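Pasting entry23.pdb here (PDB, C-alpha atoms):
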```
ATOM      1  CA  MET B 169       0.000   0.000   0.000
ATOM      2  CA  ASP B 170       1.529   3.335  -1.058
ATOM      3  CA  ARG B 171       1.375   6.494   1.030
ATOM      4  CA  LEU B 172      -1.531   7.949  -0.964
ATOM      5  CA  GLN B 173      -3.700   4.861  -0.404
ATOM      6  CA  GLU B 174      -2.832   4.832   3.291
ATOM      7  CA  LYS B 175      -3.764   8.485   3.605
ATOM      8  CA  ARG B 176      -7.120   7.829   1.923
ATOM      9  CA  LEU B 177      -7.799   4.917   4.262
ATOM     10  CA  LEU B 178      -7.075   6.967   7.359
ATOM     11  CA  THR B 179      -9.264   9.862   6.214
ATOM     12  CA  LEU B 180     -12.412   7.829   5.560
ATOM     13  CA  ASN B 181     -15.615   9.318   6.906
ATOM     14  CA  PRO B 182     -16.928   7.494  10.018
ATOM     15  CA  GLY B 183     -19.927   6.248   8.034
ATOM     16  CA  ASP B 184     -17.835   4.808   5.207
ATOM     17  CA  SER B 185     -16.140   1.975   7.078
ATOM     18  CA  PRO B 186     -15.944   1.047  10.786
ATOM     19  CA  ARG B 187     -12.381  -0.163  10.278
ATOM     20  CA  GLY B 188     -11.436   3.094   8.577
ATOM     21  CA  CYS B 189     -13.045   5.056  11.387
ATOM     22  CA  VAL B 190     -11.069   3.220  14.079
ATOM     23  CA  LEU B 191      -7.807   3.488  12.125
ATOM     24  CA  SER B 192      -8.393   7.201  11.652
ATOM     25  CA  ASP B 193      -8.985   7.711  15.371
ATOM     26  CA  PHE B 194      -5.879   5.776  16.374
ATOM     27  CA  ALA B 195      -3.832   7.580  13.741
ATOM     28  CA  SER B 196      -4.870  10.874  15.324
ATOM     29  CA  VAL B 197      -2.752   9.973  18.375
ATOM     30  CA  ARG B 198       0.377  10.790  16.383
ATOM     31  CA  GLY B 199      -1.131  13.999  15.024
ATOM     32  CA  MET B 200      -2.806  15.076  18.259
ATOM     33  CA  GLN B 201      -3.405  18.786  18.584
ATOM     34  CA  PRO B 202      -1.846  20.616  21.553
ATOM     35  CA  GLN B 203      -5.279  20.694  23.182
ATOM     36  CA  GLY B 204      -5.186  16.898  23.257
ATOM     37  CA  ALA B 205      -2.529  16.970  25.967
ATOM     38  CA  ILE B 206      -4.858  19.104  28.108
ATOM     39  CA  PHE B 207      -7.721  16.636  27.704
ATOM     40  CA  VAL B 208      -5.456  13.695  28.590
ATOM     41  CA  ALA B 209      -3.980  15.466  31.630
ATOM     42  CA  LEU B 210      -7.226  16.978  32.980
ATOM     43  CA  PRO B 211      -8.620  13.791  34.627
ATOM     44  CA  HIS B 212      -5.422  13.463  36.682
ATOM     45  CA  LEU B 213      -5.898  16.858  38.350
ATOM     46  CA  GLY B 214      -8.299  15.435  40.934
ATOM     47  CA  PRO B 215      -6.175  12.427  41.982
ATOM     48  CA  ILE B 216      -3.086  14.643  42.269
ATOM     49  CA  LEU B 217      -4.871  17.097  44.570
ATOM     50  CA  VAL B 218      -6.413  14.291  46.626
ATOM     51  CA  SER B 219      -3.014  12.652  46.994
ATOM     52  CA  LEU B 220      -1.302  15.872  48.064
ATOM     53  CA  LEU B 221      -3.992  16.904  50.555
ATOM     54  CA  THR B 222      -4.759  13.511  52.102
ATOM     55  CA  ARG B 223      -1.555  11.558  51.640
ATOM     56  CA  HIS B 224      -1.378  10.269  55.225
ATOM     57  CA  ARG B 225      -4.978   9.068  55.244
ATOM     58  CA  MET B 226      -4.447   7.293  51.922
ATOM     59  CA  ILE B 227      -1.416   5.494  53.377
ATOM     60  CA  ARG B 228      -3.601   4.343  56.286
ATOM     61  CA  TRP B 229      -6.118   2.861  53.825
ATOM     62  CA  TYR B 230      -3.439   0.575  52.440
ATOM     63  CA  ASP B 231      -3.086  -0.973  55.916
ATOM     64  CA  ILE B 232      -6.774  -1.804  56.393
ATOM     65  CA  PRO B 233      -6.684  -5.437  57.600
ATOM     66  CA  LYS B 234     -10.117  -6.522  56.318
ATOM     67  CA  LYS B 235      -9.667  -5.892  52.624
ATOM     68  CA  PRO B 236     -10.961  -8.865  50.581
ATOM     69  CA  PRO B 237      -8.271 -11.432  49.701
ATOM     70  CA  TRP B 238      -8.694 -10.718  45.985
ATOM     71  CA  CYS B 239      -8.163  -6.966  46.461
ATOM     72  CA  PRO B 240      -5.215  -5.845  44.273
ATOM     73  CA  PRO B 241      -2.194  -4.226  45.945
ATOM     74  CA  HIS B 242      -2.461  -0.471  46.298
ATOM     75  CA  LYS B 243       0.089   0.062  43.515
ATOM     76  CA  VAL B 244      -2.120  -1.926  41.136
ATOM     77  CA  LEU B 245      -5.187   0.089  42.199
ATOM     78  CA  LEU B 246      -3.277   3.307  41.613
ATOM     79  CA  ALA B 247      -1.989   2.143  38.236
ATOM     80  CA  GLY B 248      -5.522   1.108  37.265
ATOM     81  CA  TRP B 249      -6.989   4.534  37.997
ATOM     82  CA  ILE B 250      -4.128   6.292  36.205
ATOM     83  CA  THR B 251      -4.625   4.133  33.106
ATOM     84  CA  ILE B 252      -8.393   4.659  33.135
ATOM     85  CA  TYR B 253      -7.958   8.428  33.403
ATOM     86  CA  PHE B 254      -5.513   8.461  30.472
ATOM     87  CA  VAL B 255      -7.931   6.478  28.292
ATOM     88  CA  MET B 256     -10.925   8.558  29.379
ATOM     89  CA  GLY B 257      -9.075  11.809  28.704
ATOM     90  CA  TYR B 258      -8.115  10.701  25.204
ATOM     91  CA  ALA B 259     -11.704   9.628  24.509
ATOM     92  CA  SER B 260     -12.973  13.077  25.524
ATOM     93  CA  TYR B 261     -10.425  14.627  23.162
ATOM     94  CA  LEU B 262     -11.786  12.541  20.268
ATOM     95  CA  VAL B 263     -15.318  13.806  20.971
ATOM     96  CA  TRP B 264     -14.133  17.398  21.259
ATOM     97  CA  LYS B 265     -12.207  17.117  17.979
ATOM     98  CA  ASP B 266     -15.060  15.486  16.056
ATOM     99  CA  LEU B 267     -17.458  18.231  17.181
ATOM    100  CA  GLY B 268     -15.186  20.859  15.688
ATOM    101  CA  GLY B 269     -13.213  21.896  18.753
ATOM    102  CA  GLY B 270     -13.670  25.172  20.532
ATOM    103  CA  PHE B 271     -16.431  25.666  23.091
ATOM    104  CA  GLY B 272     -19.562  25.769  20.956
ATOM    105  CA  ARG B 273     -23.074  24.741  21.955
ATOM    106  CA  PRO B 274     -22.804  21.210  20.447
ATOM    107  CA  LEU B 275     -20.157  20.425  23.068
ATOM    108  CA  ALA B 276     -22.352  21.410  26.016
ATOM    109  CA  LEU B 277     -24.098  18.060  26.572
ATOM    110  CA  PRO B 278     -21.396  15.492  25.648
ATOM    111  CA  LEU B 279     -18.559  17.255  27.478
ATOM    112  CA  GLY B 280     -20.780  18.702  30.220
ATOM    113  CA  LEU B 281     -21.927  15.201  31.180
ATOM    114  CA  TYR B 282     -18.310  14.044  30.992
ATOM    115  CA  ALA B 283     -17.286  16.839  33.382
ATOM    116  CA  VAL B 284     -19.988  15.787  35.864
ATOM    117  CA  GLN B 285     -18.937  12.134  35.883
ATOM    118  CA  LEU B 286     -15.297  13.200  36.182
ATOM    119  CA  ALA B 287     -16.115  15.242  39.298
ATOM    120  CA  VAL B 288     -18.065  12.311  40.779
ATOM    121  CA  SER B 289     -15.104   9.991  40.126
ATOM    122  CA  TRP B 290     -12.855  12.375  42.058
ATOM    123  CA  ALA B 291     -15.364  12.310  44.925
ATOM    124  CA  VAL B 292     -15.159   8.506  44.856
ATOM    125  CA  LEU B 293     -11.400   8.699  45.382
ATOM    126  CA  ILE B 294     -11.893  11.009  48.371
ATOM    127  CA  PHE B 295     -14.532   8.799  50.018
ATOM    128  CA  PHE B 296     -12.736   5.557  49.165
ATOM    129  CA  PHE B 297      -9.098   6.318  49.966
ATOM    130  CA  ALA B 298      -9.062   9.450  52.123
ATOM    131  CA  ALA B 299     -12.299   9.552  54.159
ATOM    132  CA  HIS B 300     -12.588   5.752  54.426
ATOM    133  CA  ALA B 301     -16.356   6.238  53.963
ATOM    134  CA  HIS B 302     -16.892   3.119  51.903
ATOM    135  CA  GLY B 303     -20.688   3.325  51.997
ATOM    136  CA  LEU B 304     -20.612   6.811  50.448
ATOM    137  CA  ALA B 305     -17.989   5.636  47.974
ATOM    138  CA  LEU B 306     -20.255   2.770  46.935
ATOM    139  CA  LEU B 307     -23.247   5.098  46.438
ATOM    140  CA  HIS B 308     -21.140   7.436  44.297
ATOM    141  CA  MET B 309     -19.870   4.492  42.259
ATOM    142  CA  LEU B 310     -23.453   3.437  41.507
ATOM    143  CA  LEU B 311     -24.189   7.013  40.418
ATOM    144  CA  LEU B 312     -20.996   6.939  38.371
ATOM    145  CA  TYR B 313     -22.146   3.787  36.579
ATOM    146  CA  GLY B 314     -25.200   5.627  35.305
ATOM    147  CA  LEU B 315     -23.206   8.689  34.297
ATOM    148  CA  VAL B 316     -20.571   6.692  32.400
ATOM    149  CA  VAL B 317     -23.207   4.628  30.573
ATOM    150  CA  SER B 318     -25.087   7.824  29.657
ATOM    151  CA  THR B 319     -21.856   9.441  28.451
ATOM    152  CA  ALA B 320     -21.028   6.418  26.300
ATOM    153  CA  LEU B 321     -24.509   6.469  24.721
ATOM    154  CA  ILE B 322     -24.219  10.175  23.917
ATOM    155  CA  TRP B 323     -20.663   9.812  22.593
ATOM    156  CA  HIS B 324     -21.418   6.815  20.369
ATOM    157  CA  PRO B 325     -23.048   8.760  17.490
ATOM    158  CA  ILE B 326     -20.206  11.296  17.643
ATOM    159  CA  ASN B 327     -17.222   8.956  17.859
ATOM    160  CA  LYS B 328     -17.630   5.193  18.250
ATOM    161  CA  LEU B 329     -14.083   4.646  19.511
ATOM    162  CA  ALA B 330     -14.560   7.215  22.286
ATOM    163  CA  ALA B 331     -17.658   5.350  23.468
ATOM    164  CA  VAL B 332     -15.860   1.979  23.348
ATOM    165  CA  LEU B 333     -12.946   3.394  25.365
ATOM    166  CA  LEU B 334     -15.337   3.915  28.298
ATOM    167  CA  LEU B 335     -15.981   0.169  28.605
ATOM    168  CA  PRO B 336     -12.733  -0.492  30.548
ATOM    169  CA  TYR B 337     -13.866   2.266  32.910
ATOM    170  CA  LEU B 338     -17.061   0.339  33.657
ATOM    171  CA  ALA B 339     -15.062  -2.843  34.225
ATOM    172  CA  TRP B 340     -12.737  -1.028  36.644
ATOM    173  CA  LEU B 341     -15.712   0.438  38.494
ATOM    174  CA  THR B 342     -16.999  -3.103  38.966
ATOM    175  CA  VAL B 343     -13.746  -4.078  40.668
ATOM    176  CA  THR B 344     -13.586  -1.040  42.948
ATOM    177  CA  ALA B 345     -17.313  -1.179  43.753
ATOM    178  CA  SER B 346     -16.995  -4.791  44.887
ATOM    179  CA  ILE B 347     -14.103  -3.817  47.175
ATOM    180  CA  ALA B 348     -16.081  -0.867  48.550
ATOM    181  CA  TYR B 349     -19.102  -3.090  49.202
ATOM    182  CA  HIS B 350     -16.963  -5.648  51.045
ATOM    183  CA  LEU B 351     -15.399  -2.966  53.266
ATOM    184  CA  TRP B 352     -18.754  -1.258  53.889
ATOM    185  CA  ARG B 353     -20.404  -4.551  54.859
ATOM    186  CA  ASP B 354     -17.603  -5.374  57.273
ATOM    187  CA  SER B 355     -17.852  -1.909  58.829
ATOM    188  CA  LEU B 356     -21.521  -2.605  59.633
ATOM    189  CA  CYS B 357     -20.773  -6.033  61.129
ATOM    190  CA  PRO B 358     -17.143  -5.816  62.295
ATOM    191  CA  ASN B 359     -17.300  -9.124  64.222
ATOM    192  CA  HIS B 360     -19.155 -11.075  61.574
ATOM    193  CA  HIS B 361     -16.069 -12.760  60.171
ATOM    194  CA  GLN B 362     -14.185 -13.244  63.416
ATOM    195  CA  PRO B 363     -14.003 -16.869  64.633
ATOM    196  CA  LEU B 364     -16.027 -17.634  67.748
ATOM    197  CA  PRO B 365     -14.702 -19.598  70.732
ATOM    198  CA  MET B 366     -15.444 -23.298  70.600
ATOM    199  CA  GLY B 367     -18.926 -24.205  71.717
ATOM    200  CA  GLU B 368     -20.458 -20.793  70.983
ATOM    201  CA  LYS B 369     -22.886 -20.060  68.178
ATOM    202  CA  ARG B 370     -23.810 -16.905  66.398
ATOM    203  CA  ASP B 371     -27.226 -15.432  67.072
TER
END
```
Target format structure tokens, applied to this file:
Amino acid sequence: MDRLQEKRLLTLNPGDSPRGCVLSDFASVRGMQPQGAIFVALPHLGPILVSLLTRHRMIRWYDIPKKPPWCPPHKVLLAGWITIYFVMGYASYLVWKDLGGGFGRPLALPLGLYAVQLAVSWAVLIFFFAAHAHGLALLHMLLLYGLVVSTALIWHPINKLAAVLLLPYLAWLTVTASIAYHLWRDSLCPNHHQPLPMGEKRD
């Protein structure tokens, strides 16, 4: 395939070919506009601030003894959130670019809803790692599920790849929500899993 044919393939309209659409979106990584770096970096602003302001409380969370046995190490949890935020930021850039850039009215709903779910995800980090309020974290994660699904549905007609890139986010929320539920349940019944002396029965 010569360079002219490759260029034509990568510039196909989204309706012409799904494969051409995906290739065009991935090719845009190399030709990303300067604004793309802002979109990719923006989701990390919240975690950075949370880490700086509540570092000691986050360290205490890592030492919680009743985390479920399948809970990943804290470095894996941190790496997971960082990866999700990178992917989510790039997806938002694709939507912004396909809607013509700038700050016009067409961007109000797709990026406004994205901004709301981004703020809720930052609140989840505060409740989960810093405040150790796992019940509130779980409620916010359930709200976040709805917001992410709604964002994906709104993004899909604009840029299919951007919508697909939110699926790993939903999978990661499933993991963290299950951990939050386990910790919240144990906080309600702290002695539920402790072994009883021989001869005694639970009520």
Segment 321-340 of chain B, all listed atoms, 3 Å padding on each side: what axis-aligned box centre and edge lengths in Å to one decimal come out, as JSON?
```
{"center_x": -18.6, "center_y": 4.2, "center_z": 27.1, "size_x": 17.8, "size_y": 20.1, "size_z": 25.2}
```
Check which residues satisfy the PyMOL selection byres ((chain B and resi 298-315) around 6) in the file shown, then give them as an mmCIF file with C-alpha atoms, keeping the file's coordinate frame.
```cif
data_model
loop_
_atom_site.group_PDB
_atom_site.id
_atom_site.type_symbol
_atom_site.label_atom_id
_atom_site.label_comp_id
_atom_site.auth_asym_id
_atom_site.auth_seq_id
_atom_site.Cartn_x
_atom_site.Cartn_y
_atom_site.Cartn_z
ATOM 1 C CA THR B 222 -4.759 13.511 52.102
ATOM 2 C CA ARG B 225 -4.978 9.068 55.244
ATOM 3 C CA MET B 226 -4.447 7.293 51.922
ATOM 4 C CA GLN B 285 -18.937 12.134 35.883
ATOM 5 C CA VAL B 292 -15.159 8.506 44.856
ATOM 6 C CA ILE B 294 -11.893 11.009 48.371
ATOM 7 C CA PHE B 295 -14.532 8.799 50.018
ATOM 8 C CA PHE B 296 -12.736 5.557 49.165
ATOM 9 C CA PHE B 297 -9.098 6.318 49.966
ATOM 10 C CA VAL B 316 -20.571 6.692 32.400
ATOM 11 C CA VAL B 317 -23.207 4.628 30.573
ATOM 12 C CA SER B 318 -25.087 7.824 29.657
ATOM 13 C CA ALA B 345 -17.313 -1.179 43.753
ATOM 14 C CA ALA B 348 -16.081 -0.867 48.550
ATOM 15 C CA TRP B 352 -18.754 -1.258 53.889
#
```
Spatial neighbours of Ile252 of chain B, 8 Å, all atoms listed in the file, chain gap at least 3 places, as a short mmCIF file (atom, residue, chain, number, x, y, z; two decimals) with C-alpha atoms, keeping the file's coordinate frame:
```
data_model
loop_
_atom_site.label_atom_id
_atom_site.label_comp_id
_atom_site.auth_asym_id
_atom_site.auth_seq_id
_atom_site.Cartn_x
_atom_site.Cartn_y
_atom_site.Cartn_z
CA GLY B 248 -5.52 1.11 37.26
CA TRP B 249 -6.99 4.53 38.00
CA VAL B 255 -7.93 6.48 28.29
CA MET B 256 -10.92 8.56 29.38
CA PRO B 336 -12.73 -0.49 30.55
CA TYR B 337 -13.87 2.27 32.91
CA TRP B 340 -12.74 -1.03 36.64
#
```
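Distances here use all atoms listed in the file; by that measure, the residue among B:Pro325, B:Gly280, B:Gly269, B:Pro215 closest to Pro202 of chain B is B:Gly269.
Near Ala330 of chain B, within 10 Å and counting all atoms listed in the file, sit Val190, Asp193, Val255, Met256, Gly257, Tyr258, Ala259, Ser260, Tyr261, Leu262, Val263, Thr319, Ala320, Trp323, His324, Pro325, Ile326, Asn327, Leu333, Leu334 and Leu335 of chain B; same-chain residues fewer than 3 positions away were not included.
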Write the residues of the preceding selection, restricted to C-alpha atoms, as a JSON list (two decimals), in the coordinates of the input.
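The file below, again-v4.json, is the result:
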```json
[["chain", "number", "residue", "atom", "x", "y", "z"],
["B", 190, "VAL", "CA", -11.07, 3.22, 14.08],
["B", 193, "ASP", "CA", -8.98, 7.71, 15.37],
["B", 255, "VAL", "CA", -7.93, 6.48, 28.29],
["B", 256, "MET", "CA", -10.92, 8.56, 29.38],
["B", 257, "GLY", "CA", -9.07, 11.81, 28.70],
["B", 258, "TYR", "CA", -8.12, 10.70, 25.20],
["B", 259, "ALA", "CA", -11.70, 9.63, 24.51],
["B", 260, "SER", "CA", -12.97, 13.08, 25.52],
["B", 261, "TYR", "CA", -10.42, 14.63, 23.16],
["B", 262, "LEU", "CA", -11.79, 12.54, 20.27],
["B", 263, "VAL", "CA", -15.32, 13.81, 20.97],
["B", 319, "THR", "CA", -21.86, 9.44, 28.45],
["B", 320, "ALA", "CA", -21.03, 6.42, 26.30],
["B", 323, "TRP", "CA", -20.66, 9.81, 22.59],
["B", 324, "HIS", "CA", -21.42, 6.82, 20.37],
["B", 325, "PRO", "CA", -23.05, 8.76, 17.49],
["B", 326, "ILE", "CA", -20.21, 11.30, 17.64],
["B", 327, "ASN", "CA", -17.22, 8.96, 17.86],
["B", 333, "LEU", "CA", -12.95, 3.39, 25.36],
["B", 334, "LEU", "CA", -15.34, 3.92, 28.30],
["B", 335, "LEU", "CA", -15.98, 0.17, 28.60]]
```
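Distances to Ala283 of chain B were evaluated for B:Cys239, B:Pro211, B:Ala205, B:Lys265 using only C-alpha atoms, and the minimum falls at B:Pro211.
Atom pair atom CA of Phe254 of chain B / atom CA of Val208 of chain B has a distance of 5.6 Å (rounded to one decimal).
Across the model, the gap from atom CA of Leu213 of chain B to atom CA of Ser289 of chain B is 11.6 Å.
Computed from the coordinates, the atom CA of Pro236 of chain B to atom CA of Thr342 of chain B distance equals 14.3 Å.
Shortest separation to Ile250 of chain B among B:His212, B:His350, B:Gln201, B:Leu338 occurs at residue B:His212, atoms counted being only C-alpha atoms.
Using all atoms listed in the file, the shortest contact distance between Pro274 of chain B and any of B:Ile322, B:Ile347, B:Lys235, B:Phe207 is found at B:Ile322.
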